[in-house]
There are 2 protein chains.
Amino acid sequence: MQATVETKAFKEAVGLIERVVPRAPQSPLRALVMVQAGEEGLRLLGSDGAHDLELRLAARVEGRGRTLVPAGVLARLAHSAPGEEVALRLEEGQGLELRSGPFEGRLSVSDPTGYPDAAFGPTSGRLSAPALLGALGRVRYATASSGGGYAFRCVLLELAAGGAALRAVASDGYRLALQGPPLTPGPRLLLPREAVDDALRVFKDEEAELAWGVTDGTLTLEGARARMALRLGNGDFPDYERVIPREWEAAAELEAEALRHSLQRLRPVLGKEAHRVDLTFLAQGLHLAATGEWGRSEEELPAKVAGRTPFSVSYNARYLLEALAPLEGRVRLEPAGAARPTRVEAAEPDGYQAVVMPLKV
Amino acid sequence: MQATVETKAFKEAVGLIERVVPRAPQSPLRALVMVQAGEEGLRLLGSDGAHDLELRLAARVEGRGRTLVPAGVLARLAHSAPGEEVALRLEEGQGLELRSGPFEGRLSVSDPTGYPDAAFGPTSGRLSAPALLGALGRVRYATASSGGGYAFRCVLLELAAGGAALRAVASDGYRLALQGPPLTPGPRLLLPREAVDDALRVFKDEEAELAWGVTDGTLTLEGARARMALRLGNGDFPDYERVIPREWEAAAELEAEALRHSLQRLRPVLGKEAHRVDLTFLAQGLHLAATGEWGRSEEELPAKVAGRTPFSVSYNARYLLEALAPLEGRVRLEPAGAARPTRVEAAEPDGYQAVVMPLKV
């Protein structure tokens with residue numbers, strides 16, 4: 001077979017596949033990418049055993065064929081291809097030949113027999129790609145990287161029956177992030193954080209809809225150029241609605257960016273492992289201070305404050321910064337108490353809510 | 001004392017000092033920066049025991065004073081200073097206060113008594129900053145990072161008596177780089193590679209001359225805003241002139257950039273630890289090939305070739321790439337034989353020469 005593709009599209013596709021394929025897989029077959037040419041064009045398929053990714057490329061194809069090549073080497077070769085196009089050629093016993101401009105490479109190949117089948121299932125619904133990726137991207141930070149229950153290392157994706165609406169929720173037990181409206185009961189899917197990261201990368205340029213379907217514990221997502229099968233997690237996600245405070249003891253409304261910059265300026269005096277910042281809600285604004293190994297920093301920001309003043313509460317600065325990161329414009333901080341959760345959202349609610357537990361005094 | 005400086009200049013200066021000050025020094029005093037205000041403005045002084053760096057900043061100063069603060073914390077505070085200016089204030093027993101816009105920080109300080117004296121010596125000559133930095137920057141890559149004789153981890157700096165001309169030379173025993181004309185015997189200084197890196201960073205914006213002087217095994221360099229004392233190395237630099245081949249068996253003249261890109265494209269098939277590329281000088285051009293763990297890559301570049309053809313020689317691709325890195329436009333490769341050194345220089349000689357040993361077959 002021979003297939004000719006545009007270099008730029010090839011580079012992007014191989015780059016995406018390379019990140020899915022594990023560097024040190026349990027089975028050596030998993031370090032390989034399937035390169036497949038046929039009537040439908042050129043397809044690349046990679047897997048880490050839990051996520052399968054298929055990318056489709058427009059190509060001029062002669063003949064049919066498929067083979068396995070090492071993902072890392074293919075990506076590096078593609079990355080430096082000097083021509084406008086890349087021509088791939090596969091001949092019995094010859095390896096995969098790759099030509100681009102003056103460059104000519106021949107990659108050793110492996111027999112594709114025995115490469116595990118991908119877990120793609122049928123799709124039945126459609127959902128907005130920007131809505132899905134936006135929601136996953138906004139809550140991803142609140143997953144736990146290790147420890148805690150399994151659900152803490154996943155994003156909970158709630159889908160309305162037809163995919164017309166969705167909500168994403170993540171929590172590591174100390175904070176919670178949520179994007180989307182409350183939904184009437186429909187599918188509730190647990191997406192491991194690595195699956196979320198892969199989906200965010202693969203579909204980031206999709207502007208329209210994705211087809212979706214769930215079969216045998218696998219979510220299949222299909223866009224114009226890519227199809228993914230994501231193994232879903234099992235487990236119970238905590239009753240997160242119960243965690244979101246409905247009342248507040250004090251509230252401050254102020255510019256998200258000013259607050260972020262201020263928090264960042266306070267941190268250097270704390271030393272490496274310390275993150276504590278003290279916020280005091282004053283009648284005329286918000287006072288921030290950090291006291292640590294290297295000294296003390298403080299500043300006061302203009303804010304519209306309501307409720308009890310002066311009111312003091314302490315946070316992990318990193319958690320507060322991460323909760324604020326998705327927000328622009330004016331935001332509200334609503335502590336339910338010095339030892340109770342604080343709600344963070346945009347002053348003009350946009351479907352995003354974060355909850356941060358204060359640090360104990 | 002109180003000193004007010006422009007934030008931008010302060011950030012730059014603190015950033016430079018921080019990189020000289022070691023992160024885990026043998027003496028805890030070495031993790032500190034001296035902040036000193038007086039009639040001459042604001043001075044920052046840092047040292048890692050082998051290199052001393054003093055930076056001078058234009059400042060509005062009231063009173064005099066000096067203190068020691070942790071370099072890393074000062075740099076991070078400076079980095080996030082929100083105002084146009086930074087005001088530093090030192091009062092007995094109060095730490096160093098740093099204000100900028102709404103931000104107010106107070107850094108713990110240490111008693112400056114007992115901080116070791118810097119090794120700055122008098123200067124007697126002057127030399128062109130761009131010529132010095134250009135020469136050091138072009139040959140630095142050829143120093144050894146470890147192993148070999150001590151001189152292999154240094155750049156040899158040869159100076160004409162008055163500093164009117166200079167030559168820099170580096171070698172790790174496998175390759176050599178040289179910039180500058182042959183000089184009549186004058187000072188020959190061994191600059192450890194870390195000293196070279198510090199000098200390149202500190203003086204990179206100096207466009208005019210630097211004053212220099214050597215006393216007690218230390219090179220003092222002084223520019224408009226910075227002064228450095230660099231402890232010199234002891235040892236004999238090899239007789240490098242003997243290593244530069246005066247004759248060649250084949251020669252190729254071609255575009256440096258095309259050759260670099262070609263070498264980079266060949267590498268992926270080699271695998272991680274392999275670097276071997278095979279060059280064949282042909283009547284009509286240069287043929288490059290790499291054969292490795294993952295397959296074979298090759299290409300042919302147009303080149304003006306003289307001498308014996310076909311003539312084959314193998315190199316460490318990284319060494320060849322590093323030798324070519326300082327060059328633009330057309331270059332010449334002149335192998336003295338398949339097992340003898342190859343000279344690399346610009347087709348229109350510009351004072352730079354590199355020598356690379358081929359790999360044994």
# chains A, B, ... in the order shown; residues from 1 in each chain; ligands from 1
call {"tool": "calpha_fit_and_write", "arguments": {"fixed": "chain A", "moving": "chain B", "output": "compact mmCIF listing (two decimals) with C-alpha atoms, in the first residue's frame"}}
result
# COMPACT_ATOMS: atom_id res chain seq x y z
CA MET B 1 0.02 0.01 0.00
CA GLN B 2 1.01 3.64 -0.43
CA ALA B 3 -0.59 6.63 1.30
CA THR B 4 0.23 10.31 0.86
CA VAL B 5 -0.87 12.80 3.53
CA GLU B 6 -0.34 16.43 4.31
CA THR B 7 2.65 16.75 6.66
CA LYS B 8 0.96 19.15 9.08
CA ALA B 9 -2.07 16.92 9.64
CA PHE B 10 0.20 13.88 9.94
CA LYS B 11 2.36 15.56 12.60
CA GLU B 12 -0.67 16.52 14.66
CA ALA B 13 -2.19 13.07 14.45
CA VAL B 14 1.01 11.23 15.31
CA GLY B 15 1.62 13.65 18.17
CA LEU B 16 -1.80 12.87 19.65
CA ILE B 17 -1.39 9.13 19.25
CA GLU B 18 2.05 9.21 20.83
CA ARG B 19 0.67 10.75 24.01
CA VAL B 20 -1.94 8.01 24.39
CA VAL B 21 0.53 5.20 23.79
CA PRO B 22 2.35 4.41 27.06
CA ARG B 23 6.13 4.76 27.17
CA ALA B 24 6.76 1.67 29.25
CA PRO B 25 3.74 -0.53 28.63
CA GLN B 26 3.08 -3.91 30.27
CA SER B 27 2.79 -5.51 26.84
CA PRO B 28 5.36 -4.43 24.22
CA LEU B 29 2.55 -4.38 21.62
CA ARG B 30 1.14 -1.36 23.47
CA ALA B 31 4.17 0.75 22.51
CA LEU B 32 3.15 0.41 18.88
CA VAL B 33 0.79 2.36 16.66
CA MET B 34 -1.32 0.70 14.01
CA VAL B 35 -0.95 2.42 10.62
CA GLN B 36 -3.75 1.37 8.31
CA ALA B 37 -4.53 2.48 4.76
CA GLY B 38 -7.62 1.65 2.76
CA GLU B 39 -10.55 3.15 0.89
CA GLU B 40 -11.41 5.30 3.89
CA GLY B 41 -7.98 6.99 3.88
CA LEU B 42 -5.24 6.64 6.45
CA ARG B 43 -6.00 5.58 10.02
CA LEU B 44 -3.76 5.58 13.04
CA LEU B 45 -4.75 3.55 16.07
CA GLY B 46 -3.12 3.59 19.48
CA SER B 47 -4.08 2.35 22.92
CA ASP B 48 -2.85 2.16 26.47
CA GLY B 49 -5.23 -0.66 27.30
CA ALA B 50 -7.75 1.64 29.00
CA HIS B 51 -8.19 4.27 26.26
CA ASP B 52 -8.22 3.57 22.55
CA LEU B 53 -7.71 6.38 20.05
CA GLU B 54 -8.32 6.26 16.32
CA LEU B 55 -7.41 9.18 14.08
CA ARG B 56 -8.51 9.52 10.47
CA LEU B 57 -6.52 11.42 7.91
CA ALA B 58 -7.44 12.47 4.41
CA ALA B 59 -4.93 10.69 2.16
CA ARG B 60 -4.34 9.59 -1.42
CA VAL B 61 -4.20 5.84 -1.01
CA GLU B 62 -3.19 3.05 -3.37
CA GLY B 63 -3.82 -0.49 -2.22
CA ARG B 64 -4.61 -1.57 1.32
CA GLY B 65 -2.46 -2.56 4.21
CA ARG B 66 -1.75 -2.23 7.88
CA THR B 67 1.23 -2.57 10.13
CA LEU B 68 2.55 -1.71 13.59
CA VAL B 69 5.38 0.78 14.17
CA PRO B 70 6.91 2.23 17.37
CA ALA B 71 4.91 5.31 18.38
CA GLY B 72 7.83 7.40 19.65
CA VAL B 73 10.01 6.92 16.58
CA LEU B 74 7.11 7.57 14.22
CA ALA B 75 6.34 10.80 16.08
CA ARG B 76 9.95 12.02 15.95
CA LEU B 77 10.25 11.17 12.25
CA ALA B 78 6.97 12.93 11.50
CA HIS B 79 8.03 15.92 13.57
CA SER B 80 11.08 16.55 11.39
CA ALA B 81 9.52 15.70 8.00
CA PRO B 82 10.83 18.45 5.72
CA GLY B 83 8.34 18.29 2.83
CA GLU B 84 4.74 19.48 2.43
CA GLU B 85 3.59 15.90 2.22
CA VAL B 86 4.58 12.60 3.72
CA ALA B 87 4.41 9.46 1.57
CA LEU B 88 4.13 6.16 3.45
CA ARG B 89 4.76 2.90 1.66
CA LEU B 90 4.44 -0.59 3.02
CA GLU B 91 5.83 -3.58 1.17
CA GLU B 92 6.07 -7.16 2.36
CA GLY B 93 9.28 -7.63 4.34
CA GLN B 94 10.52 -4.09 3.67
CA GLY B 95 9.39 -2.13 6.71
CA LEU B 96 7.41 1.07 6.47
CA GLU B 97 9.06 3.55 4.12
CA LEU B 98 8.49 7.22 4.87
CA ARG B 99 9.50 9.88 2.34
CA SER B 100 9.22 13.65 2.68
CA GLY B 101 11.26 16.07 0.60
CA PRO B 102 14.86 14.84 0.49
CA PHE B 103 14.28 12.60 3.48
CA GLU B 104 13.84 8.87 3.21
CA GLY B 105 13.39 6.64 6.23
CA ARG B 106 12.55 3.01 6.70
CA LEU B 107 11.03 1.94 9.97
CA SER B 108 11.10 -1.61 11.26
CA VAL B 109 7.54 -2.95 11.61
CA SER B 110 5.79 -5.61 13.64
CA ASP B 111 3.14 -8.08 12.54
CA PRO B 112 -0.31 -6.62 13.30
CA THR B 113 -1.79 -10.06 13.99
CA GLY B 114 -2.53 -10.33 17.66
CA TYR B 115 -2.83 -6.57 18.28
CA PRO B 116 -5.78 -6.32 20.68
CA ASP B 117 -9.11 -5.15 19.29
CA ALA B 118 -10.12 -1.62 20.19
CA ALA B 119 -13.17 -1.23 22.42
CA PHE B 120 -15.12 1.21 20.24
CA GLY B 121 -18.86 0.74 20.67
CA PRO B 122 -21.87 2.07 18.77
CA THR B 123 -22.97 5.65 19.36
CA SER B 124 -26.57 6.68 19.86
CA GLY B 125 -26.63 10.32 21.03
CA ARG B 126 -24.93 13.58 20.19
CA LEU B 127 -23.60 16.32 22.42
CA SER B 128 -21.88 19.66 21.96
CA ALA B 129 -18.10 19.24 21.87
CA PRO B 130 -17.36 22.71 23.32
CA ALA B 131 -19.87 22.14 26.16
CA LEU B 132 -18.33 18.76 27.04
CA LEU B 133 -14.71 19.88 26.81
CA GLY B 134 -15.40 23.17 28.55
CA ALA B 135 -17.04 21.39 31.49
CA LEU B 136 -14.34 18.70 31.78
CA GLY B 137 -11.59 21.32 31.47
CA ARG B 138 -13.06 23.50 34.20
CA VAL B 139 -13.45 20.79 36.84
CA ARG B 140 -10.47 18.54 36.09
CA TYR B 141 -8.22 20.31 38.62
CA ALA B 142 -10.36 19.20 41.56
CA THR B 143 -9.70 15.48 41.05
CA ALA B 144 -7.26 13.74 43.40
CA SER B 145 -3.94 12.59 41.94
CA SER B 146 -3.72 9.71 44.38
CA GLY B 147 -5.21 8.39 47.56
CA GLY B 148 -8.81 8.68 48.74
CA GLY B 149 -11.60 6.73 47.11
CA TYR B 150 -11.45 5.80 43.44
CA ALA B 151 -14.21 8.29 42.55
CA PHE B 152 -11.97 11.14 43.79
CA ARG B 153 -9.58 10.37 40.92
CA CYS B 154 -12.40 10.65 38.36
CA VAL B 155 -14.66 13.30 36.90
CA LEU B 156 -18.35 12.49 37.25
CA LEU B 157 -20.10 13.23 33.96
CA GLU B 158 -23.90 13.48 34.17
CA LEU B 159 -25.76 13.46 30.87
CA ALA B 160 -29.35 14.32 30.13
CA ALA B 161 -30.97 11.43 28.30
CA GLY B 162 -30.40 12.75 24.77
CA GLY B 163 -27.13 14.52 25.53
CA ALA B 164 -28.87 17.90 25.32
CA ALA B 165 -27.33 18.97 28.63
CA LEU B 166 -24.47 17.81 30.79
CA ARG B 167 -22.80 18.47 34.10
CA ALA B 168 -19.27 17.62 35.18
CA VAL B 169 -18.24 17.30 38.82
CA ALA B 170 -14.93 16.57 40.50
CA SER B 171 -13.82 16.40 44.11
CA ASP B 172 -10.81 15.19 46.04
CA GLY B 173 -12.58 15.41 49.39
CA TYR B 174 -11.13 18.85 50.24
CA ARG B 175 -12.66 20.82 47.40
CA LEU B 176 -15.25 20.38 44.70
CA ALA B 177 -15.76 21.82 41.24
CA LEU B 178 -18.90 21.63 39.21
CA GLN B 179 -19.93 22.88 35.79
CA GLY B 180 -23.42 22.66 34.33
CA PRO B 181 -27.07 22.79 35.39
CA PRO B 182 -28.79 20.25 37.64
CA LEU B 183 -30.12 17.38 35.48
CA THR B 184 -32.97 14.94 35.77
CA PRO B 185 -31.49 11.51 36.33
CA GLY B 186 -29.73 10.16 33.21
CA PRO B 187 -26.44 8.39 32.60
CA ARG B 188 -23.80 9.06 35.29
CA LEU B 189 -20.33 8.20 34.03
CA LEU B 190 -17.07 8.11 36.00
CA LEU B 191 -14.21 9.22 33.74
CA PRO B 192 -10.71 8.61 35.16
CA ARG B 193 -8.63 11.79 35.08
CA GLU B 194 -6.20 10.36 32.52
CA ALA B 195 -9.16 9.68 30.21
CA VAL B 196 -10.32 13.27 30.71
CA ASP B 197 -6.85 14.58 29.79
CA ASP B 198 -6.71 12.45 26.65
CA ALA B 199 -10.19 13.52 25.56
CA LEU B 200 -9.34 17.20 26.13
CA ARG B 201 -6.26 16.92 23.92
CA VAL B 202 -7.83 14.84 21.17
CA PHE B 203 -11.05 16.81 20.72
CA LYS B 204 -9.77 20.31 21.49
CA ASP B 205 -10.35 21.53 17.92
CA GLU B 206 -13.83 20.03 17.56
CA GLU B 207 -16.28 22.88 17.31
CA ALA B 208 -19.47 20.97 16.53
CA GLU B 209 -20.94 17.83 18.02
CA LEU B 210 -19.55 14.52 19.17
CA ALA B 211 -21.47 11.28 18.84
CA TRP B 212 -21.50 9.28 22.08
CA GLY B 213 -22.55 5.90 23.31
CA VAL B 214 -21.91 3.68 26.32
CA THR B 215 -21.44 -0.09 25.98
CA ASP B 216 -19.81 -2.59 28.32
CA GLY B 217 -18.39 0.03 30.66
CA THR B 218 -16.84 2.03 27.83
CA LEU B 219 -17.70 5.51 26.61
CA THR B 220 -17.22 5.93 22.87
CA LEU B 221 -16.81 9.48 21.58
CA GLU B 222 -16.63 10.20 17.88
CA GLY B 223 -15.80 13.47 16.15
CA ALA B 224 -14.97 14.45 12.61
CA ARG B 225 -11.40 13.17 12.69
CA ALA B 226 -11.08 11.10 15.82
CA ARG B 227 -12.77 8.34 17.74
CA MET B 228 -12.02 7.40 21.33
CA ALA B 229 -13.02 4.52 23.58
CA LEU B 230 -12.64 5.42 27.24
CA ARG B 231 -12.91 2.72 29.89
CA LEU B 232 -15.28 4.01 32.59
CA GLY B 233 -14.63 3.77 36.31
CA ASN B 234 -16.79 1.89 38.80
CA GLY B 235 -17.73 3.30 42.15
CA ASP B 236 -20.03 5.67 43.94
CA PHE B 237 -19.45 9.37 43.56
CA PRO B 238 -20.23 11.14 46.87
CA ASP B 239 -23.50 13.04 47.25
CA TYR B 240 -21.87 16.27 46.17
CA GLU B 241 -25.01 18.46 46.40
CA ARG B 242 -24.87 18.01 50.16
CA VAL B 243 -21.39 19.58 50.28
CA ILE B 244 -22.36 22.84 48.55
CA PRO B 245 -23.25 25.41 51.21
CA ARG B 246 -26.57 27.16 50.70
CA GLU B 247 -25.95 29.94 53.20
CA TRP B 248 -22.99 32.17 53.94
CA GLU B 249 -21.66 34.02 56.95
CA ALA B 250 -19.82 36.65 54.94
CA ALA B 251 -19.53 37.33 51.22
CA ALA B 252 -17.10 39.32 49.09
CA GLU B 253 -17.43 40.29 45.47
CA LEU B 254 -14.24 41.35 43.65
CA GLU B 255 -12.16 40.97 40.49
CA ALA B 256 -10.95 37.40 39.97
CA GLU B 257 -7.70 38.48 38.38
CA ALA B 258 -6.79 40.94 41.15
CA LEU B 259 -7.49 38.24 43.74
CA ARG B 260 -5.38 35.67 41.88
CA HIS B 261 -2.43 38.04 41.53
CA SER B 262 -2.67 39.01 45.17
CA LEU B 263 -2.67 35.37 46.30
CA GLN B 264 0.37 34.69 44.14
CA ARG B 265 2.24 37.63 45.61
CA LEU B 266 1.64 36.40 49.16
CA ARG B 267 3.12 32.96 48.66
CA PRO B 268 6.90 33.53 48.49
CA VAL B 269 7.30 34.29 52.21
CA LEU B 270 5.63 30.99 53.11
CA GLY B 271 8.45 28.64 52.13
CA LYS B 272 8.17 25.56 49.99
CA GLU B 273 5.61 23.32 51.65
CA ALA B 274 3.37 25.94 53.24
CA HIS B 275 0.26 27.28 51.54
CA ARG B 276 -1.76 29.01 54.25
CA VAL B 277 -3.22 32.45 53.54
CA ASP B 278 -5.47 34.36 55.91
CA LEU B 279 -8.40 36.31 54.48
CA THR B 280 -10.22 38.91 56.51
CA PHE B 281 -13.53 40.24 55.24
CA LEU B 282 -13.65 43.94 56.19
CA ALA B 283 -16.44 46.44 55.64
CA GLN B 284 -14.43 48.16 52.90
CA GLY B 285 -12.60 45.26 51.30
CA LEU B 286 -10.72 42.01 51.60
CA HIS B 287 -7.45 41.83 53.55
CA LEU B 288 -5.02 39.05 52.62
CA ALA B 289 -1.99 38.00 54.63
CA ALA B 290 0.57 35.22 54.73
CA THR B 291 3.02 34.59 57.54
CA GLY B 292 5.75 32.08 57.08
CA GLU B 293 9.30 30.94 57.42
CA TRP B 294 10.65 33.98 55.54
CA GLY B 295 8.55 36.85 56.81
CA ARG B 296 5.07 38.26 56.36
CA SER B 297 3.22 39.62 53.32
CA GLU B 298 -0.09 41.38 53.21
CA GLU B 299 -2.30 43.51 51.07
CA GLU B 300 -5.85 44.80 50.88
CA LEU B 301 -8.10 44.56 47.84
CA PRO B 302 -11.21 46.63 47.14
CA ALA B 303 -14.28 44.37 47.39
CA LYS B 304 -18.02 44.61 47.95
CA VAL B 305 -18.44 42.85 51.28
CA ALA B 306 -21.65 41.71 52.97
CA GLY B 307 -22.47 39.76 56.13
CA ARG B 308 -20.38 39.64 59.27
CA THR B 309 -17.27 41.87 59.34
CA PRO B 310 -14.52 41.61 60.32
CA PHE B 311 -14.60 37.90 59.57
CA SER B 312 -11.42 35.81 59.20
CA VAL B 313 -10.91 32.52 57.44
CA SER B 314 -7.78 30.69 56.24
CA TYR B 315 -7.25 28.70 53.05
CA ASN B 316 -4.70 26.67 51.19
CA ALA B 317 -3.65 29.33 48.65
CA ARG B 318 -3.19 26.77 45.91
CA TYR B 319 -6.72 25.43 46.35
CA LEU B 320 -8.17 28.92 46.24
CA LEU B 321 -6.12 29.77 43.14
CA GLU B 322 -7.23 26.61 41.38
CA ALA B 323 -10.88 27.25 42.26
CA LEU B 324 -10.58 30.75 40.79
CA ALA B 325 -8.64 29.77 37.67
CA PRO B 326 -11.66 29.11 35.40
CA LEU B 327 -13.22 32.50 36.24
CA GLU B 328 -12.88 35.92 34.64
CA GLY B 329 -14.48 39.20 35.71
CA ARG B 330 -16.04 39.56 39.11
CA VAL B 331 -16.35 36.62 41.48
CA ARG B 332 -18.00 35.90 44.79
CA LEU B 333 -16.44 34.20 47.81
CA GLU B 334 -19.05 32.94 50.25
CA PRO B 335 -17.64 31.31 53.39
CA ALA B 336 -20.28 29.45 55.39
CA GLY B 337 -18.01 29.81 58.43
CA ALA B 338 -14.37 29.69 59.46
CA ALA B 339 -14.50 25.89 59.63
CA ARG B 340 -17.21 25.26 57.05
CA PRO B 341 -17.00 25.15 53.24
CA THR B 342 -16.69 28.28 51.09
CA ARG B 343 -18.51 28.59 47.79
CA VAL B 344 -16.75 30.34 44.87
CA GLU B 345 -18.54 31.36 41.71
CA ALA B 346 -18.83 34.12 39.14
CA ALA B 347 -20.77 37.17 40.30
CA GLU B 348 -22.97 36.58 37.28
CA PRO B 349 -23.41 32.80 37.65
CA ASP B 350 -22.21 30.86 34.57
CA GLY B 351 -22.81 27.30 35.64
CA TYR B 352 -19.48 26.94 37.44
CA GLN B 353 -19.31 26.47 41.19
CA ALA B 354 -16.36 25.59 43.35
CA VAL B 355 -16.30 24.65 47.02
CA VAL B 356 -13.15 24.96 49.09
CA MET B 357 -12.70 23.80 52.69
CA PRO B 358 -10.91 26.34 54.90
CA LEU B 359 -7.79 25.33 56.78
CA LYS B 360 -8.25 24.63 60.47
CA VAL B 361 -6.87 27.28 62.77
call {"tool": "select_by_dssp", "arguments": {"residues": "range 68-200 of chain B", "states": "strand (DSSP E or B)", "output": "ChimeraX atom specification"}}
result
/B:68-70,85-90,96-100,103-107,110,125-128,154-159,166-171,175-179,188-192
call {"tool": "select_by_dssp", "arguments": {"residues": "range 64-185 of chain B", "states": "helix (DSSP H, G or I)", "output": "list in words"}}
result
Ala71, Gly72, Val73, Leu74, Ala75, Arg76, Leu77, Ala78, His79, Ala129, Pro130, Ala131, Leu132, Leu133, Gly134, Ala135, Leu136, Gly137, Arg138, Val139, Arg140, Tyr141, Ala142, Tyr150, Ala151, Phe152 and Arg153 of chain B
call {"tool": "write_last_selection", "arguments": {"atoms": "N, CA and C atoms", "output": "compact mmCIF listing (two decimals), in the first residue's frame"}}
result
# COMPACT_ATOMS: atom_id res chain seq x y z
N ALA B 71 18.02 34.68 49.01
CA ALA B 71 18.00 35.03 47.58
C ALA B 71 16.72 34.56 46.90
N GLY B 72 16.31 33.33 47.16
CA GLY B 72 15.15 32.77 46.46
C GLY B 72 13.87 33.52 46.78
N VAL B 73 13.66 33.84 48.05
CA VAL B 73 12.44 34.54 48.46
C VAL B 73 12.44 35.95 47.89
N LEU B 74 13.59 36.61 47.97
CA LEU B 74 13.67 37.97 47.41
C LEU B 74 13.32 37.95 45.92
N ALA B 75 13.83 36.95 45.21
CA ALA B 75 13.57 36.87 43.77
C ALA B 75 12.09 36.64 43.50
N ARG B 76 11.44 35.76 44.28
CA ARG B 76 10.03 35.50 44.03
C ARG B 76 9.16 36.70 44.41
N LEU B 77 9.53 37.39 45.49
CA LEU B 77 8.80 38.61 45.84
C LEU B 77 8.95 39.65 44.73
N ALA B 78 10.19 39.85 44.29
CA ALA B 78 10.45 40.85 43.24
C ALA B 78 9.67 40.49 41.98
N HIS B 79 9.66 39.21 41.67
CA HIS B 79 9.02 38.75 40.44
C HIS B 79 7.54 39.13 40.39
N ALA B 129 32.96 43.98 25.18
CA ALA B 129 32.03 43.00 25.77
C ALA B 129 31.45 42.06 24.71
N PRO B 130 30.97 42.57 23.57
CA PRO B 130 30.43 41.63 22.57
C PRO B 130 31.47 40.62 22.07
N ALA B 131 32.73 41.07 21.92
CA ALA B 131 33.77 40.14 21.45
C ALA B 131 34.00 39.05 22.48
N LEU B 132 34.09 39.43 23.76
CA LEU B 132 34.32 38.44 24.82
C LEU B 132 33.15 37.46 24.92
N LEU B 133 31.93 38.01 25.00
CA LEU B 133 30.77 37.14 25.20
C LEU B 133 30.50 36.29 23.97
N GLY B 134 30.72 36.87 22.79
CA GLY B 134 30.53 36.12 21.56
C GLY B 134 31.48 34.93 21.51
N ALA B 135 32.74 35.16 21.87
CA ALA B 135 33.73 34.08 21.81
C ALA B 135 33.42 33.01 22.85
N LEU B 136 33.12 33.43 24.09
CA LEU B 136 32.80 32.44 25.13
C LEU B 136 31.56 31.64 24.75
N GLY B 137 30.54 32.36 24.23
CA GLY B 137 29.29 31.70 23.88
C GLY B 137 29.45 30.70 22.76
N ARG B 138 30.37 30.97 21.84
CA ARG B 138 30.53 30.06 20.70
C ARG B 138 31.29 28.79 21.05
N VAL B 139 32.17 28.85 22.04
CA VAL B 139 33.00 27.66 22.32
C VAL B 139 32.55 26.88 23.54
N ARG B 140 31.68 27.48 24.33
CA ARG B 140 31.27 26.86 25.61
C ARG B 140 30.83 25.40 25.47
N TYR B 141 30.13 25.09 24.36
CA TYR B 141 29.58 23.74 24.22
C TYR B 141 30.64 22.65 24.24
N ALA B 142 31.86 23.00 23.85
CA ALA B 142 32.89 21.97 23.68
C ALA B 142 33.60 21.62 24.99
N TYR B 150 41.08 18.60 34.35
CA TYR B 150 40.37 19.78 34.80
C TYR B 150 40.21 20.82 33.68
N ALA B 151 41.25 20.95 32.85
CA ALA B 151 41.22 21.97 31.79
C ALA B 151 40.08 21.69 30.79
N PHE B 152 39.67 20.43 30.66
CA PHE B 152 38.57 20.08 29.75
C PHE B 152 37.23 20.64 30.23
N ARG B 153 37.16 21.00 31.51
CA ARG B 153 35.90 21.55 32.04
C ARG B 153 35.95 23.08 32.09
